[in-house]
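Worksheet: one structure, shown below.
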Amino acid sequence: MTYLIGVDCGGTHIVGQTWTTAPEHLVQSVTGGPGNVVLDYSAAVTNLTTVLDQLTAAIPASQLGLILIGIAGIETAGRLIRSNKPSPNVTTLIPRS
């Protein structure tokens, strides 16, 4: 089985979901605190890491197909996001080019 994770980091909260691909099924939905890196960089990274940890906790790394993350303010911030306590399956997030 392959799992896909999608995360939307917005100014008021973060929403993350885990899906299976065959059959397509919503496995888990998690919410967290604000995710805008311009408004509060440290809090956004902490909140995102917490959501990713919850979403990946029960998934074997070999079954994780993709993590897609949209982050409010990432292009404005213009820097890498590195967490001091990264999720086991995600260590670094970078803005899209």
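We label chains A, B, ... in the order they appear in the structure tokens, count residues from 1 in each chain, and number ligands from 1 in the order shown.
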Worksheet entry | Residues within 6 Å of A:Ala72, only C-alpha atoms, excluding chain neighbours under 5 positions, as a ChimeraX atom specification | /A:9-10,36
Discussion item. My list of candidates is A:Gly6, A:Thr49, A:Val30, A:Trp19. Which is closest to A:Gln63 when distances are computed with only C-alpha atoms?
Written reply: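 The answer is A:Trp19, which sits nearest to A:Gln63.
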